[in-house]
Every structure is written in C-alpha cells, then in structure tokens.
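Heads up, my_file27.cif below (mmCIF, C-alpha atoms):
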```
data_data
loop_
_atom_site.label_atom_id
_atom_site.label_comp_id
_atom_site.auth_asym_id
_atom_site.auth_seq_id
_atom_site.Cartn_x
_atom_site.Cartn_y
_atom_site.Cartn_z
CA MET N 1 -26.34 -14.21 -23.19
CA THR N 2 -25.23 -11.79 -25.92
CA THR N 3 -24.95 -8.04 -25.39
CA ALA N 4 -27.92 -7.43 -27.70
CA SER N 5 -30.18 -9.90 -25.90
CA SER N 6 -29.16 -8.61 -22.45
CA GLU N 7 -29.91 -5.06 -23.69
CA ALA N 8 -33.29 -6.31 -24.93
CA ALA N 9 -34.03 -7.87 -21.54
CA ARG N 10 -33.00 -4.64 -19.81
CA SER N 11 -35.26 -2.56 -22.04
CA LEU N 12 -38.19 -4.88 -21.25
CA ARG N 13 -37.42 -4.40 -17.55
CA HIS N 14 -37.49 -0.62 -18.06
CA LEU N 15 -40.86 -0.92 -19.80
CA GLN N 16 -42.14 -3.06 -16.94
CA LEU N 17 -41.09 -0.47 -14.34
CA ALA N 18 -42.50 2.43 -16.40
CA SER N 19 -45.79 0.55 -16.79
CA ILE N 20 -46.07 -0.11 -13.03
CA PHE N 21 -45.22 3.56 -12.28
CA GLU N 22 -47.80 4.82 -14.79
CA GLY N 23 -50.53 2.37 -13.75
CA GLY N 24 -49.90 2.98 -10.04
CA THR N 25 -50.10 6.75 -10.31
CA LEU N 26 -53.27 6.51 -12.43
CA LEU N 27 -54.91 4.34 -9.76
CA ALA N 28 -53.74 6.69 -6.99
CA LEU N 29 -55.17 9.63 -8.91
CA LEU N 30 -58.55 8.01 -9.61
CA ALA N 31 -59.01 6.07 -6.37
CA VAL N 32 -57.58 8.52 -3.84
CA ALA N 33 -56.94 12.03 -5.17
CA VAL N 34 -60.16 12.57 -7.17
CA PRO N 35 -62.53 11.26 -4.42
CA LEU N 36 -60.67 13.41 -1.87
CA LYS N 37 -61.24 16.46 -4.06
CA HIS N 38 -64.91 15.88 -4.85
CA LEU N 39 -66.15 14.10 -1.71
CA ALA N 40 -63.95 15.57 1.02
CA GLY N 41 -63.18 18.95 -0.54
CA ILE N 42 -59.42 18.46 -0.44
CA PRO N 43 -58.09 19.50 -3.89
CA GLN N 44 -54.42 19.64 -2.85
CA VAL N 45 -53.86 15.91 -3.41
CA VAL N 46 -55.03 16.17 -7.04
CA SER N 47 -52.73 19.11 -7.66
CA VAL N 48 -49.80 16.90 -6.63
CA ALA N 49 -50.95 13.53 -7.99
CA GLY N 50 -51.98 15.02 -11.37
CA PRO N 51 -48.52 16.27 -12.41
CA VAL N 52 -46.86 13.15 -10.96
CA HIS N 53 -49.12 10.99 -13.13
CA GLY N 54 -48.38 13.28 -16.11
CA LEU N 55 -44.68 12.66 -15.59
CA ALA N 56 -45.27 8.91 -15.22
CA PHE N 57 -47.27 8.88 -18.48
CA LEU N 58 -44.50 10.72 -20.35
CA VAL N 59 -41.88 8.27 -19.07
CA TYR N 60 -44.09 5.33 -20.09
CA LEU N 61 -44.75 6.86 -23.53
CA TRP N 62 -41.04 7.44 -24.17
CA VAL N 63 -39.99 3.96 -23.04
CA THR N 64 -42.79 2.31 -25.08
CA MET N 65 -41.85 4.21 -28.26
CA ASN N 66 -38.18 3.48 -27.64
CA VAL N 67 -38.58 -0.27 -27.04
CA GLY N 68 -41.19 -0.55 -29.82
CA ALA N 69 -38.89 1.10 -32.37
CA SER N 70 -35.76 -0.79 -31.33
CA SER N 71 -37.56 -4.15 -31.23
CA ASN N 72 -39.52 -3.71 -34.47
CA TRP N 73 -42.89 -4.09 -32.78
CA SER N 74 -45.86 -3.41 -35.04
CA GLY N 75 -47.78 -0.13 -34.85
CA ARG N 76 -50.74 -2.10 -33.55
CA GLU N 77 -48.76 -3.53 -30.64
CA VAL N 78 -47.38 -0.10 -29.69
CA ALA N 79 -50.87 1.45 -29.97
CA ARG N 80 -52.25 -1.32 -27.75
CA LEU N 81 -49.62 -0.67 -25.07
CA LEU N 82 -50.24 3.09 -25.21
CA GLY N 83 -54.02 2.59 -25.11
CA ALA N 84 -53.66 0.47 -21.96
CA ALA N 85 -52.22 3.53 -20.19
CA PHE N 86 -55.60 5.27 -20.38
CA ILE N 87 -57.52 2.45 -18.69
CA PRO N 88 -57.40 1.78 -14.92
CA PHE N 89 -55.67 -1.59 -14.40
CA GLY N 90 -54.70 -1.51 -18.09
CA PHE N 91 -51.09 -1.86 -17.01
CA ILE N 92 -51.84 -5.48 -16.06
CA SER N 93 -52.31 -6.38 -19.74
CA THR N 94 -49.04 -4.54 -20.50
CA LEU N 95 -47.23 -6.55 -17.82
CA ARG N 96 -48.63 -9.78 -19.32
CA PHE N 97 -47.44 -8.69 -22.77
CA ILE N 98 -43.94 -8.07 -21.36
CA GLN N 99 -43.96 -11.44 -19.58
CA ARG N 100 -44.81 -13.17 -22.86
CA ARG N 101 -41.92 -11.37 -24.56
CA LYS N 102 -39.59 -12.34 -21.74
CA ALA N 103 -40.75 -15.95 -21.90
CA THR N 104 -39.97 -16.17 -25.59
CA GLY N 105 -36.60 -14.55 -24.87
CA GLN N 106 -36.91 -11.87 -27.51
CA THR N 107 -38.34 -8.38 -27.89
CA ALA N 108 -38.91 -8.64 -31.63
CA PRO N 109 -42.05 -10.43 -32.92
CA MET J 1 -36.17 33.69 -7.33
CA THR J 2 -37.01 29.96 -7.20
CA TYR J 3 -39.30 30.40 -10.21
CA LEU J 4 -36.51 32.06 -12.21
CA LEU J 5 -34.00 29.37 -11.25
CA ILE J 6 -36.39 26.61 -12.35
CA LYS J 7 -37.12 28.55 -15.56
CA SER J 8 -33.37 28.85 -16.30
CA LEU J 9 -32.94 25.12 -15.71
CA HIS J 10 -35.95 24.44 -17.95
CA VAL J 11 -34.56 26.51 -20.85
CA TRP J 12 -31.06 25.00 -20.46
CA ALA J 13 -32.50 21.46 -20.50
CA ILE J 14 -34.66 22.27 -23.57
CA ILE J 15 -31.57 23.43 -25.50
CA LEU J 16 -29.71 20.22 -24.59
CA TRP J 17 -32.71 18.00 -25.42
CA MET J 18 -33.52 19.66 -28.75
CA ALA J 19 -29.85 19.71 -29.80
CA GLY J 20 -29.70 15.95 -29.22
CA VAL J 21 -32.93 15.29 -31.14
CA LEU J 22 -31.74 17.54 -33.99
CA VAL J 23 -28.46 15.62 -34.34
CA GLN J 24 -30.34 12.29 -34.27
CA SER J 25 -32.77 13.55 -36.94
CA LEU J 26 -29.84 14.56 -39.15
CA LEU J 27 -27.70 11.45 -38.68
CA LEU J 28 -30.23 8.62 -38.57
CA ARG J 29 -30.76 8.39 -42.30
CA PRO J 30 -32.72 5.49 -43.79
CA ARG J 31 -30.19 2.71 -44.07
CA HIS J 32 -29.21 -0.68 -42.87
CA ALA J 33 -26.95 -1.19 -39.88
CA PRO J 34 -23.71 0.69 -40.57
CA SER J 35 -20.20 -0.58 -39.99
CA GLY J 36 -16.74 0.88 -39.31
CA PRO J 37 -16.47 4.60 -38.49
CA GLU J 38 -20.23 5.09 -38.94
CA GLN J 39 -20.87 2.45 -36.30
CA GLN J 40 -18.46 4.24 -33.93
CA THR J 41 -20.31 7.54 -34.50
CA LEU J 42 -23.57 5.76 -33.76
CA GLN J 43 -22.21 4.30 -30.51
CA LEU J 44 -21.01 7.77 -29.48
CA LEU J 45 -24.38 9.28 -30.34
CA ARG J 46 -26.13 6.58 -28.36
CA ARG J 47 -23.95 7.17 -25.33
CA TRP J 48 -24.64 10.90 -25.58
CA ASP J 49 -28.35 10.16 -25.74
CA ARG J 50 -28.16 8.03 -22.60
CA LEU J 51 -25.98 10.48 -20.64
CA ALA J 52 -27.28 13.86 -21.82
CA THR J 53 -30.27 13.95 -24.20
CA ALA J 54 -32.62 11.58 -22.34
CA PRO J 55 -31.83 13.02 -18.86
CA ALA J 56 -32.31 16.53 -20.32
CA MET J 57 -35.76 15.48 -21.55
CA LEU J 58 -36.65 14.22 -18.07
CA LEU J 59 -35.44 17.51 -16.59
CA VAL J 60 -37.57 19.45 -19.12
CA TRP J 61 -40.66 17.51 -18.03
CA ILE J 62 -40.02 17.93 -14.30
CA THR J 63 -39.15 21.64 -14.43
CA GLY J 64 -41.98 22.27 -16.91
CA LEU J 65 -44.54 20.70 -14.58
CA LEU J 66 -43.14 22.68 -11.64
CA LEU J 67 -43.34 25.95 -13.62
CA ALA J 68 -46.90 25.22 -14.74
CA ALA J 69 -47.91 24.45 -11.15
CA GLN J 70 -46.23 27.60 -9.81
CA GLY J 71 -47.80 29.76 -12.50
CA GLY J 72 -51.23 28.19 -11.96
CA TRP J 73 -51.50 27.52 -15.70
CA PHE J 74 -52.93 24.01 -15.61
CA GLY J 75 -56.25 24.12 -17.45
CA ASN J 76 -55.23 27.01 -19.73
CA ARG J 77 -55.78 26.01 -23.35
CA TRP J 78 -52.38 27.23 -24.54
CA LEU J 79 -50.69 24.95 -21.99
CA SER J 80 -52.90 21.97 -22.88
CA LEU J 81 -51.96 22.40 -26.55
CA LYS J 82 -48.30 22.80 -25.62
CA LEU J 83 -48.43 19.58 -23.57
CA VAL J 84 -49.86 17.70 -26.57
CA ILE J 85 -46.91 18.91 -28.67
CA VAL J 86 -44.43 17.98 -25.91
CA VAL J 87 -45.96 14.48 -25.86
CA ALA J 88 -45.44 14.26 -29.65
CA LEU J 89 -41.84 15.49 -29.32
CA SER J 90 -41.15 12.94 -26.59
CA ALA J 91 -42.63 10.16 -28.73
CA MET J 92 -40.46 11.27 -31.67
CA HIS J 93 -37.35 11.20 -29.49
CA GLY J 94 -38.32 7.75 -28.19
CA VAL J 95 -38.59 6.41 -31.75
CA LEU J 96 -35.27 8.00 -32.79
CA ALA J 97 -33.48 6.58 -29.75
CA GLY J 98 -35.04 3.16 -30.46
CA HIS J 99 -33.87 3.23 -34.10
CA MET J 100 -30.44 4.25 -32.91
CA ARG J 101 -30.31 1.28 -30.56
CA ALA J 102 -31.38 -1.18 -33.26
CA LEU J 103 -28.75 0.19 -35.67
CA SER J 104 -26.01 0.16 -33.03
CA GLU J 105 -26.82 -3.52 -32.39
CA SER J 106 -26.44 -4.14 -36.17
CA ARG J 107 -30.15 -4.74 -36.69
CA SER J 108 -32.27 -3.02 -39.34
CA PRO J 109 -35.19 -1.18 -37.75
CA ARG J 110 -38.66 -1.50 -39.19
CA GLY J 111 -39.48 1.36 -41.58
CA ALA J 112 -37.15 4.09 -42.76
CA LEU J 113 -36.98 7.49 -41.07
CA GLN J 114 -37.14 10.40 -43.50
CA PRO J 115 -34.80 13.19 -42.31
CA GLN J 116 -36.75 15.88 -44.20
CA ILE J 117 -40.01 14.94 -42.50
CA LEU J 118 -38.29 14.61 -39.10
CA LEU J 119 -36.65 18.03 -39.39
CA PHE J 120 -39.84 19.70 -40.64
CA SER J 121 -41.83 18.15 -37.77
CA LEU J 122 -39.16 19.11 -35.23
CA PHE J 123 -38.92 22.77 -36.30
CA THR J 124 -42.71 23.10 -36.59
CA MET J 125 -43.22 21.72 -33.09
CA ILE J 126 -40.48 23.93 -31.60
CA ALA J 127 -41.97 27.02 -33.32
CA ALA J 128 -45.45 26.15 -32.05
CA ILE J 129 -44.23 25.59 -28.47
CA VAL J 130 -42.24 28.85 -28.37
CA SER J 131 -45.19 30.83 -29.81
CA LEU J 132 -47.64 29.31 -27.34
CA VAL J 133 -45.41 30.00 -24.32
CA ILE J 134 -44.48 33.56 -25.29
CA VAL J 135 -47.83 34.77 -26.68
CA LYS J 136 -50.17 32.63 -24.50
CA PRO J 137 -52.89 33.31 -27.10
CA PHE J 138 -55.82 31.63 -25.34
#
```

Could you take the file, read its structure, and then write that structure out as structure tokens?
Amino acid sequence: MTTASSEAARSLRHLQLASIFEGGTLLALLAVAVPLKHLAGIPQVVSVAGPVHGLAFLVYLWVTMNVGASSNWSGREVARLLGAAFIPFGFISTLRFIQRRKATGQTAP
Amino acid sequence: MTYLLIKSLHVWAIILWMAGVLVQSLLLRPRHAPSGPEQQTLQLLRRWDRLATAPAMLLVWITGLLLAAQGGWFGNRWLSLKLVIVVALSAMHGVLAGHMRALSESRSPRGALQPQILLFSLFTMIAAIVSLVIVKPF
C-alpha cells in the first residue's frame, strides 16, 4: 500500500469516527437530554450535551471539508455528508458512503 | 480566576490557529503539485498544521464553549452569529488543510484557491468575531 493510499484510508477512518461521534451525540441530545429537560424538568443534561454535540459537529465539519478537499469530492457529495449531520440517524448513510469508498479502495470519485 | 485562565488559553489558541490559517492562505496559491524546495515547504507546513494549527483550533472550540457556558451567553444573538462565523472559519481551514494534503501527495486538488478571496474572507471574519465579542451589540 502506498503512503498516499494509506493516508487516504486513515482520513476515511477519521471521517468514520467523527461521523459516529457526531451522530451519537445528536441522538443522546434528542433522545435523552431534551426529554429530560421538557418532561422531567432536568435542564442540566441539555446544558452539557448541547455544547458536547456542538463540539462533535465542528469536528465532523472540519474532517468532512478536509477529506472532501483532499480527495476531490464534488460539492454535492460534501453537501450530502454535511446535510446528514442534521438528521437523526443520518450518520448511517455517511457510514455507508465511507464503506463504499473503502470498498473501492480510493477516496477520490 | 478559572474564567481568566480559560480566556487566556482561548486567546492564545486563537492567535496560533489564525496564524496557521493566514500562512496557508498566503502559500497555497492556485497551482499544480509543486516539486523540490516548494514541496519541502509544503511538507513542513502540513506538519505544522497537524502539530499546532489543528490542535489550536480544537482548543479554541473547547475553551470557547467553556467560556460561553460560564458566561451564560448561549442563546444571545451575538454569540449565535459568532458561532456561525466560527463554523465558516473552521470549514475554510478544513478545505485549506485538505488542499495542502492533496498537493503534498503530488495530486492536483479540484478547483483553484484564490489567495485574495481567502485573505479578504479571513480578515472580514476575524473583524466580525472581534467586534461581536467586544461590543456584544445584541
């Protein structure tokens, strides 16, 4: 495996981890923290989970832009990956996209 | 005291992050993969990004979120606007670092980056962020 292709595989792994982190914190926020605030009157969980998800989103955004630019992905593909971050379970489609890229052994289209 | 320490760390990390993005904006001119001394400069710049600029950005985000939480500013419109600009700055840095990686691997990235537009965007965003934080207009 060449240095460039191993770097490409590593960057896809980073995107995978960032996607799981972002998707997981979004689910925790929507499924646990928000109901606790509005149904049980415990707002403290949201005040922690909110910033953690904000951080996770920023990491995901940065990694997506980075991998997209270095791998010459189209604007549409990058927009699709970013859009998935706003939808609960949207990270599953991102993980599938990454799997397809891994299967073809390249990051570039 | 803790607030001031976090604030100091935040400002220090911002200087490191913005310095790195500024250098990338100046050096990543529209071109094909360079060779020779230019390639060495690019490798050095890339290593600096990995060791200093990107970690500084992460530190800016973490300390910024801590400061906003301590100050109770979440929900204030000036902070919401500032966060949008920080997201744009982070995206810009992500693209620059991605271009740098493609060039350092002797590949030509899609689309050319225009240094004038990058620098104008960078300085405009920095000016807007500083004004919003200092003045807190709304």

One decimal, Å: what's the distance from atom CA of Val46 of chain N over to atom CA of Ala33 of chain N, could you say?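 Between atom CA of Val46 of chain N and atom CA of Ala33 of chain N the gap is 4.9 Å.
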
When you count only C-alpha atoms, which of these residues is closest to Ala103 of chain N: N:Leu12, N:Ser47, N:Ser19, N:Leu36?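 Checking each of N:Leu12, N:Ser47, N:Ser19, N:Leu36 against Ala103 of chain N, counting only C-alpha atoms, the winner is N:Leu12.
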
Pull out every residue that the PyMOL selection byres ((chain J) within 12 of (chain N)) matches in the shown coordinates and put them as a PyMOL selection string. chain J and resi 54-55+57-70+72-75+80+83-113

Rounded to one decimal, what separation in Å do you get between atom CA of Trp48 of chain J and atom CA of Ile129 of chain J?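 Straight-line distance from atom CA of Trp48 of chain J to atom CA of Ile129 of chain J works out to 24.7 Å.
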
Pull out every residue that the PyMOL selection byres ((chain J and resi 12) around 12) matches in the shown coordinates and put them as a PyMOL selection string. chain J and resi 5-11+13-19+52-53+56-57+59-60+63-64

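The coordinates place atom CA of Leu22 of chain J at 11.6 Å from atom CA of Asp49 of chain J.
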
List the neighbours of Val135 of chain J out to 10 Å using only C-alpha atoms; skip same-chain residues closer than 4 positions along the sequence, and give me the result as a PyMOL selection string. chain J and resi 78+130-131

For the residues in the current selection, export C-alpha atoms as a JSON list (two decimals), in the frame of the given file.
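Dumped everything to part12.json:
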```
[["chain", "number", "residue", "atom", "x", "y", "z"],
["J", 78, "TRP", "CA", -52.38, 27.23, -24.54],
["J", 130, "VAL", "CA", -42.24, 28.85, -28.37],
["J", 131, "SER", "CA", -45.19, 30.83, -29.81]]
```

Please provide the set of residues having any atom within 8 Å of Ala56 of chain N, restricted to only C-alpha atoms, with same-chain residues fewer than 6 positions apart removed, written as a PyMOL selection string. chain N and resi 18+21-22+25

Once the PyMOL selection byres ((chain N and resi 94) around 10) is applied to the coordinates I shared, what remains selected? I want it as a PDB file with C-alpha atoms, in the frame of the given file.
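Output contents, as saved in part_38.pdb:
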```
ATOM      1  CA  LEU N  15     -40.860  -0.920 -19.800  1.00  0.00           C
ATOM      2  CA  GLN N  16     -42.140  -3.060 -16.940  1.00  0.00           C
ATOM      3  CA  SER N  19     -45.790   0.550 -16.790  1.00  0.00           C
ATOM      4  CA  ILE N  20     -46.070  -0.110 -13.030  1.00  0.00           C
ATOM      5  CA  GLY N  23     -50.530   2.370 -13.750  1.00  0.00           C
ATOM      6  CA  ARG N  80     -52.250  -1.320 -27.750  1.00  0.00           C
ATOM      7  CA  LEU N  81     -49.620  -0.670 -25.070  1.00  0.00           C
ATOM      8  CA  LEU N  82     -50.240   3.090 -25.210  1.00  0.00           C
ATOM      9  CA  GLY N  83     -54.020   2.590 -25.110  1.00  0.00           C
ATOM     10  CA  ALA N  84     -53.660   0.470 -21.960  1.00  0.00           C
ATOM     11  CA  ALA N  85     -52.220   3.530 -20.190  1.00  0.00           C
ATOM     12  CA  PHE N  89     -55.670  -1.590 -14.400  1.00  0.00           C
ATOM     13  CA  GLY N  90     -54.700  -1.510 -18.090  1.00  0.00           C
ATOM     14  CA  PHE N  91     -51.090  -1.860 -17.010  1.00  0.00           C
ATOM     15  CA  ILE N  92     -51.840  -5.480 -16.060  1.00  0.00           C
ATOM     16  CA  SER N  93     -52.310  -6.380 -19.740  1.00  0.00           C
ATOM     17  CA  LEU N  95     -47.230  -6.550 -17.820  1.00  0.00           C
ATOM     18  CA  ARG N  96     -48.630  -9.780 -19.320  1.00  0.00           C
ATOM     19  CA  PHE N  97     -47.440  -8.690 -22.770  1.00  0.00           C
ATOM     20  CA  ILE N  98     -43.940  -8.070 -21.360  1.00  0.00           C
ATOM     21  CA  GLN N  99     -43.960 -11.440 -19.580  1.00  0.00           C
ATOM     22  CA  ARG N 100     -44.810 -13.170 -22.860  1.00  0.00           C
TER      23      ARG N 100
END
```

Nearest-residue call for Leu26 of chain J, choices J:Met125, J:Phe120, J:Leu42, J:Pro115, using all atoms listed in the file: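 Answer, going by the shortest atom-to-atom distance: J:Pro115.
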
Some atoms are missing, so please complete segment 68-96 of chain N with N, CA and C atoms and return it as a PDB file, keeping the file's coordinate frame.
```
ATOM      1  N   GLY N  68     -40.445  -0.160 -28.616  1.00  0.00           N
ATOM      2  CA  GLY N  68     -41.190  -0.550 -29.820  1.00  0.00           C
ATOM      3  C   GLY N  68     -40.370  -0.352 -31.081  1.00  0.00           C
ATOM      4  N   ALA N  69     -39.691   0.806 -31.167  1.00  0.00           N
ATOM      5  CA  ALA N  69     -38.890   1.100 -32.370  1.00  0.00           C
ATOM      6  C   ALA N  69     -37.652   0.221 -32.443  1.00  0.00           C
ATOM      7  N   SER N  70     -37.006  -0.002 -31.297  1.00  0.00           N
ATOM      8  CA  SER N  70     -35.760  -0.790 -31.330  1.00  0.00           C
ATOM      9  C   SER N  70     -36.037  -2.276 -31.513  1.00  0.00           C
ATOM     10  N   SER N  71     -37.250  -2.722 -31.137  1.00  0.00           N
ATOM     11  CA  SER N  71     -37.560  -4.150 -31.230  1.00  0.00           C
ATOM     12  C   SER N  71     -38.441  -4.489 -32.423  1.00  0.00           C
ATOM     13  N   ASN N  72     -38.699  -3.492 -33.271  1.00  0.00           N
ATOM     14  CA  ASN N  72     -39.520  -3.710 -34.470  1.00  0.00           C
ATOM     15  C   ASN N  72     -40.923  -4.212 -34.163  1.00  0.00           C
ATOM     16  N   TRP N  73     -41.511  -3.724 -33.067  1.00  0.00           N
ATOM     17  CA  TRP N  73     -42.890  -4.090 -32.780  1.00  0.00           C
ATOM     18  C   TRP N  73     -43.787  -3.398 -33.802  1.00  0.00           C
ATOM     19  N   SER N  74     -44.945  -4.007 -34.060  1.00  0.00           N
ATOM     20  CA  SER N  74     -45.860  -3.410 -35.040  1.00  0.00           C
ATOM     21  C   SER N  74     -46.539  -2.179 -34.429  1.00  0.00           C
ATOM     22  N   GLY N  75     -47.065  -1.315 -35.302  1.00  0.00           N
ATOM     23  CA  GLY N  75     -47.780  -0.130 -34.850  1.00  0.00           C
ATOM     24  C   GLY N  75     -48.964  -0.505 -33.971  1.00  0.00           C
ATOM     25  N   ARG N  76     -49.576  -1.639 -34.302  1.00  0.00           N
ATOM     26  CA  ARG N  76     -50.740  -2.100 -33.550  1.00  0.00           C
ATOM     27  C   ARG N  76     -50.353  -2.468 -32.117  1.00  0.00           C
ATOM     28  N   GLU N  77     -49.211  -3.138 -31.982  1.00  0.00           N
ATOM     29  CA  GLU N  77     -48.760  -3.530 -30.640  1.00  0.00           C
ATOM     30  C   GLU N  77     -48.419  -2.299 -29.796  1.00  0.00           C
ATOM     31  N   VAL N  78     -47.735  -1.320 -30.414  1.00  0.00           N
ATOM     32  CA  VAL N  78     -47.380  -0.100 -29.690  1.00  0.00           C
ATOM     33  C   VAL N  78     -48.650   0.664 -29.302  1.00  0.00           C
ATOM     34  N   ALA N  79     -49.613   0.748 -30.247  1.00  0.00           N
ATOM     35  CA  ALA N  79     -50.870   1.450 -29.970  1.00  0.00           C
ATOM     36  C   ALA N  79     -51.623   0.767 -28.827  1.00  0.00           C
ATOM     37  N   ARG N  80     -51.572  -0.558 -28.801  1.00  0.00           N
ATOM     38  CA  ARG N  80     -52.250  -1.320 -27.750  1.00  0.00           C
ATOM     39  C   ARG N  80     -51.635  -1.016 -26.376  1.00  0.00           C
ATOM     40  N   LEU N  81     -50.300  -0.967 -26.338  1.00  0.00           N
ATOM     41  CA  LEU N  81     -49.620  -0.670 -25.070  1.00  0.00           C
ATOM     42  C   LEU N  81     -49.912   0.759 -24.615  1.00  0.00           C
ATOM     43  N   LEU N  82     -49.945   1.695 -25.578  1.00  0.00           N
ATOM     44  CA  LEU N  82     -50.240   3.090 -25.210  1.00  0.00           C
ATOM     45  C   LEU N  82     -51.696   3.238 -24.767  1.00  0.00           C
ATOM     46  N   GLY N  83     -52.594   2.538 -25.452  1.00  0.00           N
ATOM     47  CA  GLY N  83     -54.020   2.590 -25.110  1.00  0.00           C
ATOM     48  C   GLY N  83     -54.271   2.077 -23.698  1.00  0.00           C
ATOM     49  N   ALA N  84     -53.497   1.063 -23.304  1.00  0.00           N
ATOM     50  CA  ALA N  84     -53.660   0.470 -21.960  1.00  0.00           C
ATOM     51  C   ALA N  84     -53.369   1.498 -20.858  1.00  0.00           C
ATOM     52  N   ALA N  85     -52.576   2.512 -21.190  1.00  0.00           N
ATOM     53  CA  ALA N  85     -52.220   3.530 -20.190  1.00  0.00           C
ATOM     54  C   ALA N  85     -53.406   4.409 -19.816  1.00  0.00           C
ATOM     55  N   PHE N  86     -54.436   4.410 -20.653  1.00  0.00           N
ATOM     56  CA  PHE N  86     -55.600   5.270 -20.380  1.00  0.00           C
ATOM     57  C   PHE N  86     -56.684   4.556 -19.574  1.00  0.00           C
ATOM     58  N   ILE N  87     -56.493   3.254 -19.370  1.00  0.00           N
ATOM     59  CA  ILE N  87     -57.520   2.450 -18.690  1.00  0.00           C
ATOM     60  C   ILE N  87     -57.004   2.049 -17.311  1.00  0.00           C
ATOM     61  N   PRO N  88     -57.823   2.257 -16.243  1.00  0.00           N
ATOM     62  CA  PRO N  88     -57.400   1.780 -14.920  1.00  0.00           C
ATOM     63  C   PRO N  88     -57.160   0.265 -14.964  1.00  0.00           C
ATOM     64  N   PHE N  89     -56.112  -0.195 -14.389  1.00  0.00           N
ATOM     65  CA  PHE N  89     -55.670  -1.590 -14.400  1.00  0.00           C
ATOM     66  C   PHE N  89     -55.219  -2.073 -15.792  1.00  0.00           C
ATOM     67  N   GLY N  90     -55.164  -1.144 -16.747  1.00  0.00           N
ATOM     68  CA  GLY N  90     -54.700  -1.510 -18.090  1.00  0.00           C
ATOM     69  C   GLY N  90     -53.250  -1.950 -18.078  1.00  0.00           C
ATOM     70  N   PHE N  91     -52.518  -1.485 -17.076  1.00  0.00           N
ATOM     71  CA  PHE N  91     -51.090  -1.860 -17.010  1.00  0.00           C
ATOM     72  C   PHE N  91     -50.900  -3.357 -16.788  1.00  0.00           C
ATOM     73  N   ILE N  92     -51.964  -4.034 -16.280  1.00  0.00           N
ATOM     74  CA  ILE N  92     -51.840  -5.480 -16.060  1.00  0.00           C
ATOM     75  C   ILE N  92     -51.673  -6.200 -17.404  1.00  0.00           C
ATOM     76  N   SER N  93     -52.442  -5.750 -18.409  1.00  0.00           N
ATOM     77  CA  SER N  93     -52.310  -6.380 -19.740  1.00  0.00           C
ATOM     78  C   SER N  93     -50.930  -6.084 -20.327  1.00  0.00           C
ATOM     79  N   THR N  94     -50.395  -4.886 -20.028  1.00  0.00           N
ATOM     80  CA  THR N  94     -49.040  -4.540 -20.500  1.00  0.00           C
ATOM     81  C   THR N  94     -48.010  -5.454 -19.847  1.00  0.00           C
ATOM     82  N   LEU N  95     -48.174  -5.684 -18.537  1.00  0.00           N
ATOM     83  CA  LEU N  95     -47.230  -6.550 -17.820  1.00  0.00           C
ATOM     84  C   LEU N  95     -47.284  -7.975 -18.365  1.00  0.00           C
ATOM     85  N   ARG N  96     -48.492  -8.437 -18.732  1.00  0.00           N
ATOM     86  CA  ARG N  96     -48.630  -9.780 -19.320  1.00  0.00           C
ATOM     87  C   ARG N  96     -47.919  -9.848 -20.662  1.00  0.00           C
TER      88      ARG N  96
END
```
